[in-house]
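**Student:** Below is model.cif; it holds mmCIF, C-alpha atoms.
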```cif
data_run
#
loop_
_atom_site.label_atom_id
_atom_site.label_comp_id
_atom_site.auth_asym_id
_atom_site.auth_seq_id
_atom_site.Cartn_x
_atom_site.Cartn_y
_atom_site.Cartn_z
CA MET A 14 -17.73 2.28 -1.41
CA ASP A 15 -17.87 6.08 -1.68
CA PHE A 16 -14.91 7.49 -3.66
CA SER A 17 -15.99 11.12 -3.34
CA ARG A 18 -13.66 13.71 -1.85
CA VAL A 19 -13.84 13.91 1.95
CA ALA A 20 -14.64 17.36 3.33
CA LEU A 21 -12.33 18.16 6.24
CA SER A 22 -13.52 20.11 9.23
CA GLU A 23 -11.47 23.05 10.46
CA ASP A 24 -10.07 20.87 13.26
CA ASP A 25 -9.07 18.14 10.81
CA GLU A 26 -7.47 20.67 8.47
CA SER A 27 -5.53 22.05 11.43
CA PHE A 28 -4.44 18.52 12.37
CA ARG A 29 -3.24 17.90 8.81
CA ASP A 30 -1.37 21.20 8.62
CA ASP A 31 0.27 20.71 12.02
CA LEU A 32 1.34 17.17 11.12
CA ARG A 33 2.65 18.28 7.73
CA SER A 34 4.69 21.06 9.38
CA PHE A 35 6.00 18.68 12.05
CA LEU A 36 7.14 16.15 9.46
CA ASN A 37 8.73 18.87 7.37
CA ASP A 38 10.84 19.85 10.39
CA ILE A 39 12.02 16.35 11.35
CA VAL A 40 12.18 14.50 7.98
CA THR A 41 14.92 16.66 6.53
CA ASP A 42 16.77 16.21 3.25
CA GLU A 43 19.66 14.84 5.32
CA VAL A 44 17.40 12.23 6.91
CA ILE A 45 16.10 11.12 3.50
CA ALA A 46 19.60 10.99 2.00
CA ARG A 47 20.94 9.02 4.95
CA ASP A 48 18.08 6.55 4.69
CA ARG A 49 18.83 6.00 0.99
CA GLU A 50 22.53 5.49 1.75
CA THR A 51 22.15 3.16 4.73
CA GLY A 52 19.05 1.20 3.72
CA GLU A 53 17.94 1.32 7.36
CA ASN A 54 14.31 2.35 6.76
CA PHE A 55 14.65 3.82 10.24
CA ASP A 56 15.78 7.05 11.82
CA GLU A 57 15.93 7.13 15.60
CA GLY A 58 15.62 10.91 15.82
CA VAL A 59 12.47 10.91 13.70
CA HIS A 60 11.01 7.95 15.58
CA MET A 61 11.65 9.43 19.01
CA ALA A 62 10.23 12.80 17.96
CA LEU A 63 7.01 11.16 16.76
CA GLY A 64 6.80 9.21 20.01
CA ALA A 65 7.38 12.30 22.18
CA ALA A 66 4.69 14.20 20.26
CA GLY A 67 2.17 11.41 20.94
CA TYR A 68 1.72 10.41 17.32
CA LEU A 69 2.82 6.78 17.81
CA ALA A 70 0.36 6.24 20.65
CA ALA A 71 -2.43 7.93 18.67
CA ASP A 72 -1.76 5.68 15.67
CA PHE A 73 -1.77 2.56 17.84
CA LYS A 74 -4.83 3.22 19.99
CA SER A 75 -8.47 3.13 18.98
CA GLU A 76 -10.40 6.37 18.81
CA ALA A 77 -12.31 5.36 21.97
CA ASP A 78 -8.99 5.07 23.81
CA GLY A 79 -7.70 8.44 22.62
CA GLY A 80 -6.26 7.44 19.27
CA PHE A 81 -6.85 8.84 15.80
CA SER A 82 -10.31 8.96 14.31
CA ARG A 83 -10.58 6.98 11.09
CA LEU A 84 -10.30 10.18 9.07
CA ARG A 85 -7.21 11.36 10.96
CA LYS A 86 -5.68 7.91 10.62
CA ARG A 87 -6.05 8.25 6.85
CA ILE A 88 -4.51 11.74 6.92
CA TRP A 89 -1.67 10.37 9.04
CA ASP A 90 -0.91 7.52 6.63
CA LEU A 91 -0.94 9.84 3.61
CA GLU A 92 1.25 12.53 5.17
CA ILE A 93 3.79 10.02 6.52
CA GLY A 94 4.21 8.66 2.98
CA ARG A 95 4.30 12.05 1.28
CA ALA A 96 7.07 13.21 3.61
CA ARG A 97 9.14 10.11 2.62
CA THR A 98 9.52 9.26 6.28
CA PRO A 99 11.84 6.30 7.06
CA TRP A 100 8.89 4.39 8.33
CA PHE A 101 8.45 0.76 7.34
CA HIS A 102 9.64 -0.43 10.78
CA TRP A 103 6.67 1.13 12.62
CA GLY A 104 4.13 -1.14 10.95
CA THR A 105 6.04 -4.14 12.28
CA THR A 106 6.42 -2.64 15.75
CA ALA A 107 2.72 -1.79 15.97
CA MET A 108 1.73 -5.23 14.69
CA VAL A 109 3.78 -7.00 17.38
CA ALA A 110 2.57 -4.58 20.05
CA ARG A 111 -1.03 -5.51 19.16
CA ALA A 112 -0.17 -9.19 19.67
CA VAL A 113 1.37 -8.36 23.06
CA ASP A 114 -1.69 -6.32 23.99
CA ARG A 115 -4.08 -9.10 23.01
CA PHE A 116 -2.22 -12.25 24.04
CA GLY A 117 0.55 -11.18 26.44
CA SER A 118 0.51 -11.33 30.22
CA ALA A 119 -0.23 -8.21 32.27
CA GLU A 120 3.41 -8.21 33.38
CA LEU A 121 4.69 -8.26 29.81
CA LYS A 122 2.29 -5.51 28.74
CA ASP A 123 3.53 -3.32 31.59
CA GLU A 124 7.13 -3.92 30.52
CA VAL A 125 6.70 -3.33 26.80
CA LEU A 126 3.73 -1.27 25.67
CA GLU A 127 4.30 2.14 27.25
CA LYS A 128 7.92 2.35 26.10
CA THR A 129 6.95 1.09 22.66
CA LEU A 130 4.41 3.85 22.20
CA SER A 131 6.89 6.46 23.45
CA GLY A 132 9.37 5.29 20.79
CA HIS A 133 11.98 3.87 23.19
CA PHE A 134 11.29 0.21 22.31
CA ARG A 135 11.10 -1.13 18.78
CA LEU A 136 9.90 -4.63 17.90
CA CYS A 137 10.79 -6.89 14.98
CA LEU A 138 9.69 -10.20 13.46
CA GLY A 139 11.49 -13.52 13.80
CA TYR A 140 9.58 -15.67 11.32
CA THR A 141 11.53 -16.85 8.27
CA GLU A 142 14.25 -19.50 8.59
CA PRO A 143 17.16 -20.22 6.24
CA GLU A 144 15.50 -23.38 4.88
CA GLY A 145 11.86 -22.48 5.51
CA GLY A 146 10.99 -19.94 2.82
CA SER A 147 7.60 -18.29 3.24
CA ASP A 148 6.07 -21.21 5.14
CA VAL A 149 6.68 -20.01 8.70
CA ALA A 150 4.94 -23.09 10.13
CA THR A 151 7.91 -25.27 9.10
CA CYS A 152 9.76 -23.78 12.07
CA LYS A 153 12.87 -25.56 13.34
CA THR A 154 13.97 -22.99 15.95
CA ARG A 155 13.44 -24.91 19.21
CA ALA A 156 12.23 -23.69 22.57
CA VAL A 157 12.59 -26.22 25.39
CA ARG A 158 11.19 -25.93 28.91
CA ASP A 159 13.81 -25.30 31.59
CA GLY A 160 12.17 -24.99 34.99
CA GLU A 161 10.20 -21.73 35.03
CA GLY A 162 11.72 -20.59 31.75
CA TRP A 163 12.78 -21.66 28.28
CA ILE A 164 15.99 -22.30 26.30
CA ILE A 165 15.90 -21.28 22.65
CA ASN A 166 18.20 -22.46 19.85
CA GLY A 167 17.94 -21.72 16.15
CA SER A 168 18.26 -19.01 13.54
CA LYS A 169 16.08 -16.64 11.54
CA MET A 170 16.53 -14.91 8.20
CA PHE A 171 15.34 -11.42 7.23
CA THR A 172 14.94 -10.17 10.80
CA SER A 173 14.64 -6.61 9.54
CA ASN A 174 15.37 -3.81 12.01
CA ALA A 175 16.66 -6.24 14.66
CA HIS A 176 19.73 -4.04 15.13
CA ASN A 177 17.44 -1.13 16.08
CA ALA A 178 14.94 -3.20 18.05
CA SER A 179 14.63 -4.19 21.69
CA TYR A 180 12.60 -7.40 21.21
CA VAL A 181 11.94 -9.96 18.50
CA PHE A 182 8.54 -11.61 18.05
CA LEU A 183 9.88 -15.13 17.66
CA VAL A 184 8.06 -18.19 16.38
CA THR A 185 9.48 -21.40 17.88
CA ASN A 186 8.80 -25.11 17.75
CA THR A 187 7.93 -26.52 21.17
CA ASP A 188 6.71 -29.99 20.08
CA PRO A 189 8.60 -31.48 17.09
CA ASP A 190 6.33 -34.56 17.09
CA ALA A 191 3.11 -32.59 16.65
CA PRO A 192 1.59 -31.45 13.32
CA LYS A 193 3.32 -28.25 12.24
CA HIS A 194 0.43 -25.89 13.02
CA GLN A 195 0.07 -27.43 16.50
CA SER A 196 3.75 -27.26 17.47
CA LEU A 197 4.35 -23.51 17.55
CA THR A 198 4.78 -21.17 20.51
CA MET A 199 5.40 -17.43 20.26
CA PHE A 200 7.83 -15.48 22.44
CA LEU A 201 8.88 -11.86 22.71
CA VAL A 202 12.62 -12.33 23.14
CA PRO A 203 14.76 -9.44 24.47
CA LEU A 204 17.49 -8.93 21.89
CA ASP A 205 20.07 -8.07 24.54
CA SER A 206 19.79 -11.61 25.95
CA PRO A 207 23.05 -13.60 26.13
CA GLY A 208 23.29 -15.94 23.15
CA VAL A 209 21.58 -13.63 20.63
CA GLU A 210 23.72 -12.64 17.64
CA ILE A 211 22.63 -10.19 14.94
CA GLN A 212 24.44 -10.30 11.60
CA ALA A 213 23.84 -7.75 8.85
CA LEU A 214 22.48 -8.89 5.49
CA ARG A 215 22.12 -6.57 2.48
CA THR A 216 19.40 -6.97 -0.13
CA VAL A 217 19.78 -6.07 -3.80
CA ASP A 218 18.03 -2.74 -3.28
CA GLY A 219 20.57 -1.72 -0.63
CA ASP A 220 18.31 -2.27 2.36
CA ARG A 221 19.74 -3.72 5.51
CA THR A 222 18.07 -6.75 7.00
CA ASN A 223 19.59 -9.32 9.36
CA ILE A 224 20.27 -12.95 10.14
CA THR A 225 19.70 -13.62 13.85
CA TYR A 226 21.15 -16.55 15.77
CA TYR A 227 19.87 -17.91 19.08
CA SER A 228 22.34 -20.08 21.00
CA ASP A 229 21.08 -21.38 24.37
CA VAL A 230 19.10 -18.18 24.89
CA ARG A 231 17.37 -18.37 28.28
CA ILE A 232 14.18 -16.41 28.86
CA ASP A 233 11.48 -16.35 31.53
CA ASP A 234 8.06 -17.78 30.79
CA ARG A 235 6.58 -14.28 31.09
CA TYR A 236 7.96 -13.59 27.60
CA ARG A 237 5.70 -16.26 26.14
CA ILE A 238 2.78 -14.82 24.13
CA GLY A 239 -0.26 -17.07 24.05
CA GLU A 240 -0.58 -20.73 24.91
CA VAL A 241 2.16 -23.35 24.59
CA ASN A 242 1.73 -24.98 21.17
CA GLY A 243 -1.00 -22.41 20.47
CA GLY A 244 1.26 -20.04 18.59
CA TRP A 245 -0.51 -20.41 15.26
CA ALA A 246 -3.57 -18.57 16.60
CA VAL A 247 -1.33 -15.73 17.78
CA LEU A 248 0.69 -15.70 14.58
CA ARG A 249 -2.36 -15.82 12.32
CA GLU A 250 -3.66 -12.51 13.68
CA ALA A 251 -0.31 -10.84 13.02
CA LEU A 252 -0.06 -12.38 9.55
CA ASN A 253 -3.51 -11.05 8.62
CA ASP A 254 -2.34 -7.60 9.66
CA GLU A 255 0.88 -7.94 7.64
CA HIS A 256 -0.92 -9.31 4.58
CA GLY A 257 -3.62 -6.63 4.66
CA THR A 258 -6.44 -9.18 4.92
CA VAL A 259 -8.18 -7.43 7.81
CA GLU A 260 -11.88 -6.58 7.81
CA ARG A 261 -12.63 -3.54 5.67
CA LEU A 262 -15.28 -0.94 6.49
CA ASP A 263 -17.44 0.82 3.90
CA ASP A 264 -16.24 4.39 4.50
CA GLY A 265 -13.27 3.96 2.14
CA LEU A 266 -10.78 5.45 4.60
CA GLN A 267 -8.54 2.43 5.09
CA LYS A 268 -5.38 2.07 3.07
CA VAL A 269 -6.43 0.21 -0.06
CA ALA A 270 -3.67 -2.40 0.16
CA VAL A 271 -0.25 -3.00 1.65
CA MET A 272 2.76 -1.82 -0.38
CA SER A 273 0.81 1.10 -1.85
CA GLU A 274 3.48 3.46 -0.50
CA HIS A 275 6.03 1.69 -2.70
CA VAL A 276 3.97 2.48 -5.79
CA LEU A 277 3.98 6.15 -4.76
CA LEU A 278 7.77 6.04 -5.02
CA LEU A 279 7.38 4.48 -8.47
CA ALA A 280 4.98 7.28 -9.44
CA GLU A 281 7.54 9.88 -8.33
CA ALA A 282 10.16 8.21 -10.48
CA ALA A 283 7.80 8.14 -13.47
CA ASP A 284 7.17 11.87 -13.05
CA LYS A 285 10.90 12.58 -13.07
CA VAL A 286 11.43 10.44 -16.15
CA ALA A 287 8.55 12.21 -17.87
CA ALA A 288 10.07 15.60 -17.10
CA SER A 289 13.34 14.53 -18.74
CA ALA A 290 12.28 12.39 -21.67
CA ALA A 291 8.61 12.80 -22.61
CA ASP A 292 9.17 14.61 -25.91
CA GLU A 293 8.75 11.60 -28.22
CA ASP A 294 5.36 10.01 -28.88
CA SER A 295 6.71 6.51 -28.22
CA VAL A 296 7.94 7.58 -24.77
CA LYS A 297 4.60 9.26 -24.02
CA TYR A 298 2.84 6.03 -24.93
CA ARG A 299 5.07 3.88 -22.72
CA LEU A 300 4.80 6.26 -19.78
CA GLY A 301 1.05 6.59 -20.21
CA ARG A 302 0.62 2.84 -20.27
CA GLY A 303 2.71 2.46 -17.12
CA ILE A 304 0.88 5.24 -15.27
CA ALA A 305 -2.51 3.75 -16.17
CA ARG A 306 -1.39 0.39 -14.78
CA MET A 307 -0.10 2.08 -11.61
CA GLU A 308 -3.46 3.75 -11.11
CA ALA A 309 -5.22 0.40 -11.52
CA ALA A 310 -2.83 -1.29 -9.08
CA MET A 311 -3.25 1.40 -6.43
CA SER A 312 -7.04 1.03 -6.68
CA THR A 313 -6.93 -2.73 -6.10
CA PRO A 314 -7.75 -3.77 -2.51
CA ASP A 315 -6.56 -6.37 0.00
CA MET A 316 -4.47 -9.38 -1.12
CA PHE A 317 -5.24 -8.61 -4.75
CA GLY A 318 -3.72 -5.16 -4.32
CA ARG A 319 -0.69 -6.62 -2.56
CA VAL A 320 0.04 -8.65 -5.70
CA ALA A 321 -0.87 -5.83 -8.11
CA ASN A 322 1.37 -3.28 -6.34
CA ALA A 323 4.41 -5.53 -6.25
CA GLN A 324 3.93 -6.74 -9.82
CA ILE A 325 3.54 -3.23 -11.22
CA MET A 326 6.80 -2.28 -9.51
CA ARG A 327 8.53 -5.14 -11.30
CA ASP A 328 6.92 -4.29 -14.65
CA VAL A 329 7.22 -0.50 -14.78
CA ALA A 330 10.60 0.08 -13.08
CA PRO A 331 12.55 -1.69 -15.89
CA GLU A 332 10.53 0.32 -18.42
CA LEU A 333 11.69 3.56 -16.80
CA MET A 334 15.27 2.35 -16.86
CA ASP A 335 14.98 1.44 -20.54
CA ILE A 336 13.50 4.81 -21.46
CA MET A 337 16.35 6.69 -19.78
CA GLY A 338 19.11 4.47 -21.13
CA VAL A 339 22.54 4.03 -19.58
CA ALA A 340 22.30 7.18 -17.44
CA SER A 341 19.39 5.62 -15.53
CA SER A 342 21.81 3.25 -13.80
CA LEU A 343 23.42 6.11 -11.88
CA PRO A 344 22.16 6.31 -8.28
CA VAL A 345 21.10 9.40 -6.37
CA GLY A 346 23.95 11.80 -5.74
CA GLU A 347 26.09 10.57 -8.64
CA LYS A 348 27.18 13.08 -11.27
CA GLY A 349 25.00 12.69 -14.36
CA ALA A 350 22.18 10.87 -12.55
CA ILE A 351 18.88 11.68 -14.26
CA GLY A 352 15.87 12.50 -12.15
CA ASP A 353 17.94 12.34 -8.96
CA GLY A 354 18.50 8.61 -9.49
CA ALA A 355 14.81 7.85 -8.90
CA ALA A 356 14.50 5.20 -11.62
CA GLU A 357 17.59 3.35 -10.39
CA TYR A 358 16.24 3.33 -6.83
CA VAL A 359 12.79 1.94 -7.66
CA PHE A 360 14.38 -0.63 -9.99
CA ARG A 361 16.35 -2.03 -7.05
CA LEU A 362 13.35 -1.74 -4.74
CA ALA A 363 11.02 -3.60 -7.11
CA GLY A 364 12.56 -7.05 -6.62
CA PRO A 365 12.31 -7.26 -2.81
CA THR A 366 8.84 -5.68 -2.86
CA GLY A 367 7.59 -8.99 -4.23
CA ILE A 368 9.09 -10.82 -1.23
CA TYR A 369 8.30 -8.65 1.81
CA GLY A 370 5.66 -10.25 4.01
CA GLY A 371 5.53 -13.32 1.75
CA THR A 372 6.38 -13.90 -1.89
CA LEU A 373 4.06 -13.08 -4.76
CA GLU A 374 3.72 -16.81 -5.42
CA VAL A 375 2.43 -17.34 -1.88
CA PHE A 376 -0.13 -14.56 -2.27
CA ARG A 377 -1.27 -15.85 -5.64
CA ASN A 378 -1.79 -19.28 -4.07
CA MET A 379 -3.77 -17.66 -1.24
CA ILE A 380 -5.97 -15.86 -3.76
CA ALA A 381 -6.47 -19.03 -5.78
CA GLN A 382 -7.28 -21.14 -2.74
CA HIS A 383 -9.22 -18.81 -0.46
CA ALA A 384 -10.76 -16.25 -2.83
CA LEU A 385 -11.36 -18.34 -5.95
CA GLY A 386 -11.92 -21.72 -4.29
CA LEU A 387 -9.46 -23.57 -6.50
CA GLY A 388 -8.18 -25.86 -3.74
CA ARG A 389 -4.69 -26.41 -2.38
CA PRO A 390 -1.77 -26.23 -4.82
CA ASN A 391 -0.18 -29.52 -5.83
CA TYR A 392 3.62 -29.35 -5.82
CA SER A 393 4.24 -33.01 -6.60
CA PRO A 394 6.32 -33.70 -9.71
CA PRO A 395 4.38 -34.52 -12.88
CA VAL A 396 3.65 -38.18 -13.48
CA LYS A 397 5.85 -39.64 -16.20
CA LYS A 398 3.87 -41.18 -19.01
CA THR A 399 4.89 -44.62 -20.13
CA LEU A 400 4.76 -45.43 -23.81
#
```
Could you spell out this file's structure in structure tokens?
**Tutor:**
Amino acid sequence: MDFSRVALSEDDESFRDDLRSFLNDIVTDEVIARDRETGENFDEGVHMALGAAGYLAADFKSEADGGFSRLRKRIWDLEIGRARTPWFHWGTTAMVARAVDRFGSAELKDEVLEKTLSGHFRLCLGYTEPEGGSDVATCKTRAVRDGEGWIINGSKMFTSNAHNASYVFLVTNTDPDAPKHQSLTMFLVPLDSPGVEIQALRTVDGDRTNITYYSDVRIDDRYRIGEVNGGWAVLREALNDEHGTVERLDDGLQKVAVMSEHVLLLAEAADKVAASAADEDSVKYRLGRGIARMEAAMSTPDMFGRVANAQIMRDVAPELMDIMGVASSLPVGEKGAIGDGAAEYVFRLAGPTGIYGGTLEVFRNMIAQHALGLGRPNYSPPVKKTL
């Protein structure tokens, strides 16, 4: 992989400058402050502006279909993060839209895709269940045939952005007697359907996610994505996208790993702590050690990087809090907050970062099993020795 600096053409420099100016106009200080306060990770004005300007469609489409080149895609990802855009919802929306585009009926594509790329529709994930943890295949939400349609009953946890979304990409069980990976069917359920209830749920870092309930929700068969009981094949593609385990090209332009944007927030916080407290040699040593580990984490690719990024958040954020002392617990906007409350924010963000898209334990098991060939984990209790 070539790590040399990429030389931008005049057109690419112009694209970068135009995008940077556009983001500067729409991602205002008020937008950033409101996002911190609400934990929405979404701003409708910003989202609609990006859709109207054609950026969402360009990010979604391939270069052959009028989308970004690989270089412009990389510029786009970097500038979106640098502007601190309330943005995490778009990755989910685009991921579901790809599943619709690949597995959905022509009728469903016509209904959903154009308005999704214009920003009018947002899409969310209905995977995790209250008793299911990270194993989405243990799905108990039931979908039962009813003539030409389906009736859905069940509930989902951590349906982030459901309150801003138009549809949920819902995994259901359509054959309880079948093995768990052969019993799943995927639907794109309109969230304004009768019987859908969305209930707010706050995480420790202040983000809003949701519990969603489905009580006798009736939908047409056209909202089914993929084959009946063939949902695992549909879901697996989306999970690979979410986990960052997609095929990587040799040009080095892809994002190194998922969650790298979170480590950029940690780096900002470390800079602010350094500006306030880096006079003592012991503090310089602790900050230097943390920054070196951040650099290593952000250079780690794929699933390995997913684990490294989340773990470094959990390791370094408490260090920043400890360096700053009691004042570090004051959030942004509070009188006496040091470094604009940056350390307090990343400390709260660090915990959930190890859960989003699957827990660190799940990813470590995936690495052990699929990358290192260590076999499936054994969760049975230890055998008691008899004397």
**Student:** Excluding Arg155 (chain A) and residues on its chain fewer than 4 positions from it, collect all residues at most 12 Å away from it, counting all atoms listed in the file, and give them as an MDAnalysis selection string.
**Tutor:** chainID A and resid 142 151 163:169 183:189 196:200 226:231 242
**Student:** Let's have the selection written as a PDB file, in the coordinates of the input, with C-alpha atoms.
**Tutor:**
```pdb
ATOM      1  CA  GLU A 142      14.250 -19.500   8.590  1.00  0.00           C
ATOM      2  CA  THR A 151       7.910 -25.270   9.100  1.00  0.00           C
ATOM      3  CA  TRP A 163      12.780 -21.660  28.280  1.00  0.00           C
ATOM      4  CA  ILE A 164      15.990 -22.300  26.300  1.00  0.00           C
ATOM      5  CA  ILE A 165      15.900 -21.280  22.650  1.00  0.00           C
ATOM      6  CA  ASN A 166      18.200 -22.460  19.850  1.00  0.00           C
ATOM      7  CA  GLY A 167      17.940 -21.720  16.150  1.00  0.00           C
ATOM      8  CA  SER A 168      18.260 -19.010  13.540  1.00  0.00           C
ATOM      9  CA  LYS A 169      16.080 -16.640  11.540  1.00  0.00           C
ATOM     10  CA  LEU A 183       9.880 -15.130  17.660  1.00  0.00           C
ATOM     11  CA  VAL A 184       8.060 -18.190  16.380  1.00  0.00           C
ATOM     12  CA  THR A 185       9.480 -21.400  17.880  1.00  0.00           C
ATOM     13  CA  ASN A 186       8.800 -25.110  17.750  1.00  0.00           C
ATOM     14  CA  THR A 187       7.930 -26.520  21.170  1.00  0.00           C
ATOM     15  CA  ASP A 188       6.710 -29.990  20.080  1.00  0.00           C
ATOM     16  CA  PRO A 189       8.600 -31.480  17.090  1.00  0.00           C
ATOM     17  CA  SER A 196       3.750 -27.260  17.470  1.00  0.00           C
ATOM     18  CA  LEU A 197       4.350 -23.510  17.550  1.00  0.00           C
ATOM     19  CA  THR A 198       4.780 -21.170  20.510  1.00  0.00           C
ATOM     20  CA  MET A 199       5.400 -17.430  20.260  1.00  0.00           C
ATOM     21  CA  PHE A 200       7.830 -15.480  22.440  1.00  0.00           C
ATOM     22  CA  TYR A 226      21.150 -16.550  15.770  1.00  0.00           C
ATOM     23  CA  TYR A 227      19.870 -17.910  19.080  1.00  0.00           C
ATOM     24  CA  SER A 228      22.340 -20.080  21.000  1.00  0.00           C
ATOM     25  CA  ASP A 229      21.080 -21.380  24.370  1.00  0.00           C
ATOM     26  CA  VAL A 230      19.100 -18.180  24.890  1.00  0.00           C
ATOM     27  CA  ARG A 231      17.370 -18.370  28.280  1.00  0.00           C
ATOM     28  CA  ASN A 242       1.730 -24.980  21.170  1.00  0.00           C
TER      29      ASN A 242
END
```
**Student:** Find the residue from A:Leu130, A:Ile380, A:Arg115, A:Asp48 that sits nearest to Trp100 (chain A); use only C-alpha atoms when measuring.
**Tutor:**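 Counting only C-alpha atoms, the residue closest to Trp100 (chain A) is A:Asp48.
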**Student:** Taking the file as shown, what set of residues would the PyMOL selection byres ((chain A and resi 90) around 12) give back, as a VMD selection string?
**Tutor:** chain A and resid 29 32 to 33 68 to 69 72 81 83 to 89 91 to 98 100 to 101 103 to 104 266 to 269 271 273 to 274
**Student:** Take the selection from the previous step and output its residues with C-alpha atoms, as a compact mmCIF listing (two decimals), in the coordinates of the input.
**Tutor:**
```txt
# COMPACT_ATOMS: atom_id res chain seq x y z
CA ARG A 29 -3.24 17.90 8.81
CA LEU A 32 1.34 17.17 11.12
CA ARG A 33 2.65 18.28 7.73
CA TYR A 68 1.72 10.41 17.32
CA LEU A 69 2.82 6.78 17.81
CA ASP A 72 -1.76 5.68 15.67
CA PHE A 81 -6.85 8.84 15.80
CA ARG A 83 -10.58 6.98 11.09
CA LEU A 84 -10.30 10.18 9.07
CA ARG A 85 -7.21 11.36 10.96
CA LYS A 86 -5.68 7.91 10.62
CA ARG A 87 -6.05 8.25 6.85
CA ILE A 88 -4.51 11.74 6.92
CA TRP A 89 -1.67 10.37 9.04
CA LEU A 91 -0.94 9.84 3.61
CA GLU A 92 1.25 12.53 5.17
CA ILE A 93 3.79 10.02 6.52
CA GLY A 94 4.21 8.66 2.98
CA ARG A 95 4.30 12.05 1.28
CA ALA A 96 7.07 13.21 3.61
CA ARG A 97 9.14 10.11 2.62
CA THR A 98 9.52 9.26 6.28
CA TRP A 100 8.89 4.39 8.33
CA PHE A 101 8.45 0.76 7.34
CA TRP A 103 6.67 1.13 12.62
CA GLY A 104 4.13 -1.14 10.95
CA LEU A 266 -10.78 5.45 4.60
CA GLN A 267 -8.54 2.43 5.09
CA LYS A 268 -5.38 2.07 3.07
CA VAL A 269 -6.43 0.21 -0.06
CA VAL A 271 -0.25 -3.00 1.65
CA SER A 273 0.81 1.10 -1.85
CA GLU A 274 3.48 3.46 -0.50
```
**Student:** Between A:Phe360, A:Phe171, A:Tyr180, A:Trp245, which is the closest to Gln195 (chain A) once you count only C-alpha atoms?
**Tutor:**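 Smallest separation from Gln195 (chain A) among the options: A:Trp245.
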**Student:** Identify all residues satisfying the PyMOL selection byres ((chain A and resi 44) around 10) in the given file; provide them as a VMD selection string.
**Tutor:** chain A and resid 39 to 43 45 to 50 55 to 56 58 to 59 97 to 99
**Student:** Evaluate the PyMOL selection byres ((chain A and resi 277) around 12) and record the selected residues as a PyMOL selection string, following the chain and residue labels used in the document.
**Tutor:** chain A and resi 91+93-97+271-276+278-284+304+307-308+310-311+322-323+325-326+355+359
**Student:** I'd like the interatomic distance between CA of Gly239 (chain A) and CA of Ser118 (chain A), to a tenth of an Å.
**Tutor:** 8.5 Å
**Student:** Given only C-alpha atoms as the basis, pick out the residue of A:Pro207, A:Gly64, A:Pro192, A:Gly79 nearest to His133 (chain A).
**Tutor:** A:Gly64
**Student:** Suppose you want the space between CA of Ile238 (chain A) and CA of Leu121 (chain A); what is it in Å?
**Tutor:** 8.9 Å
**Student:** Can you pull out the residues contacting Phe376 (chain A)? Cut-off 8 Å, using all atoms listed in the file, and skip same-chain residues under 4 positions away; I want them as a CSV table (one decimal) with C-alpha atoms, in the frame of the given file.
**Tutor:**
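Here's the written file around-v1.csv:
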```csv
chain,number,residue,atom,x,y,z
A,316,MET,CA,-4.5,-9.4,-1.1
A,319,ARG,CA,-0.7,-6.6,-2.6
A,320,VAL,CA,0.0,-8.6,-5.7
A,371,GLY,CA,5.5,-13.3,1.8
A,372,THR,CA,6.4,-13.9,-1.9
A,380,ILE,CA,-6.0,-15.9,-3.8
```
**Student:** For CA of Gly364 (chain A) and CA of Thr106 (chain A), quote the distance in Å rounded to one decimal.
**Tutor:** 23.6 Å
**Student:** When you look at Leu138 (chain A) with a cut-off of 7 Å (counting all atoms listed in the file), what residues show up, excluding the ones that are within fewer than 3 positions of it in the same chain? I need them as a tab-separated table (two decimals) with C-alpha atoms, keeping the file's coordinate frame.
**Tutor:**
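The new file selection_6.tsv reads:
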```
chain	number	residue	atom	x	y	z
A	172	THR	CA	14.94	-10.17	10.80
A	181	VAL	CA	11.94	-9.96	18.50
A	182	PHE	CA	8.54	-11.61	18.05
A	183	LEU	CA	9.88	-15.13	17.66
```
**Student:** Rank A:Ile351, A:Val375, A:Ala290, A:Leu201 by their smallest atom-to-atom distance to Arg237 (chain A), using all atoms listed in the file, and report the top residue only.
**Tutor:** A:Leu201
**Student:** Once 6 Å is added on each side, what are the centre and the three edge lengths, in Å to one decimal, of the axis-aligned box enclosing the listed atoms of region 158-168 of chain A? Present them as AutoDock Vina command-line options.
**Tutor:**
```
--center_x 14.2 --center_y -22.5 --center_z 24.3 --size_x 20.1 --size_y 18.9 --size_z 33.5
```
**Student:** Determine the nearest neighbour of Ile368 (chain A) from the options A:Leu136, A:Val396, A:Ala175, A:Val217, counting all atoms listed in the file.
**Tutor:** A:Val217
**Student:** Give the answer as one residue: which of A:Gly367, A:Gly346, A:Gly52, A:Gly338 has the shortest atom-to-atom distance to Gly318 (chain A), using all atoms listed in the file?
**Tutor:**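 Ranked by minimum distance to Gly318 (chain A), first place goes to A:Gly367.
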